[in-house]
Amino acid sequence: MRHFGHIPPAARQGLFHREPCTFTADSPARILSAALGATLYSPATRPKLADDIVKQAGRGVVSMVLCLEDSIDDADVGGAEANLIRQFAALHKSGIEPPLLFIRVRESGQIPDLAARLGAAGELLSGFVVPKFTEERGAPFLEALTAAEAATGRRLFAMPVLESPELLHLETRTEALAGIARTVDKYRDRVLALRLGVTDFCSAYGLRRSPEMTAYDVGIVASVIADVVNVLGRSDGTGFTITGPVWEYFRLQERMFKPQLRRSPFLAGRAEELRTSLIEHDMDGLLREIELDRTNGLLGKTCIHPSHVLPVHALSVVSHEEYSDAQDILRPERGGGGVLRSAYTNKMNEVKPHRAWAERTLVRAEAFGVAREDVGFVELLAAGVAH
């Protein structure tokens, strides 16, 4: 699989200076954690889940979470587990390569149980999402994951969700973060990424951001994100990939774009029309939040609607200018440091302070590609929708 792989090769070549890499579920964790992109959540109760997975893969989705937790009723858990086993078997029989698939569980005992019940179809499973992760609650899940790996002989990853009250409340946050750091460090090879549960954070104070506001406009939430990145997102080798929070609004449907694309604003060079349409249909908040995610050290995003996937991926592509700067900073002859003017002659690149940024940028470039010099977000989005 690859990002923008659903776009024909000729169209990709017109968009990318350097195309996204190809990867599989067996690729190194370094690539997989960067390439998660827009991770689409789906309730495990959906009766045609296997068909849904194939459909979303055809639209460019590369990672999905099949949820047994908050998205389904407590009484439906048993039926949802049985449905997962059937749907994985159907998907395995089809022979179609799915996106990276994760199951969001409620209890640690579900991990070895589901891994065993999946049988041969378990080779399609990349791991489990662990809710409400703390040191005390999270350790049994990671121990169960390790046991399931040993029993099945397959590599499995965990994606802890940071959403507990202990992490939110100021008086317990420092201790909670330290405990989470100890736990995920102990199981570092098994932790693919950390996810932020911003909806739970808002719920604790009866808050809900409007479509015009981002998570970073909610002071309490912004402070938690900053502290999580401070402790768990460092670029000194101790950090983890941290993904962006969910965007709750999805009134925008892809079909709203179709008539405009038939009028060819992209091909006719009138991309501003599509940009205006995005803002008018409640996408402005999402677009700003994606940009703020990356600015604050997050990569990828939890998504609950397919219409969010392309914007997340389009804004994750490295611009030609970013790529040029990163390459200049990391040239071997720059190892001693110094300051240089960027190739675009619009900024200062200071080699030592900007090195970590450059390294992260090249990892993102590997996963999402590098746009051509004259290609931006709107062109990438328009091409993705058109195909």
# chains A, B, ... in the order shown; residues from 1 in each chain; ligands from 1
$ residues_around --residues "A:Gly376" --least-positions-apart "4" --cutoff "8 Å" --atoms "only C-alpha atoms" --output "list in words"
Ser319, Ala371 and Leu380 of chain A
$ select_by_dssp --residues "stretch 70-272 of chain A" --states "strand (DSSP E)" --output "number ranges by chain"
A: 100-104, 125-130, 157-162, 194-196, 242-243
$ closest_atom_pairs --of "stretch 153-201 of chain A" --to "stretch 239-246 of chain A" --cutoff "7 Å" --atoms "only C-alpha atoms" --output "JSON lines"
{"residue": "A:Ala193", "atom": "CA", "partner": "A:Thr241", "partner_atom": "CA", "distance": 4.9}
{"residue": "A:Leu194", "atom": "CA", "partner": "A:Ile242", "partner_atom": "CA", "distance": 4.8}
{"residue": "A:Arg195", "atom": "CA", "partner": "A:Thr243", "partner_atom": "CA", "distance": 5.1}
{"residue": "A:Leu196", "atom": "CA", "partner": "A:Pro245", "partner_atom": "CA", "distance": 5.4}
{"residue": "A:Gly197", "atom": "CA", "partner": "A:Pro245", "partner_atom": "CA", "distance": 6.4}
{"residue": "A:Val198", "atom": "CA", "partner": "A:Pro245", "partner_atom": "CA", "distance": 5.8}
$ closest_residue --among "A:Arg117, A:His6, A:His354, A:His92" --to "A:Thr152" --atoms "only C-alpha atoms"
A:Arg117
$ closest_residue --among "A:Ala358, A:Leu114, A:Ala82, A:Ala222" --to "A:Leu292" --atoms "only C-alpha atoms"
A:Ala222
$ closest_residue --among "A:Gly37, A:Gly119, A:Gly337, A:Pro112" --to "A:Arg86" --atoms "only C-alpha atoms"
A:Gly119
$ select_by_dssp --residues "stretch 76-133 of chain A" --states "helix (DSSP H, G or I)" --output "PyMOL selection string"
chain A and resi 76-94+110-124
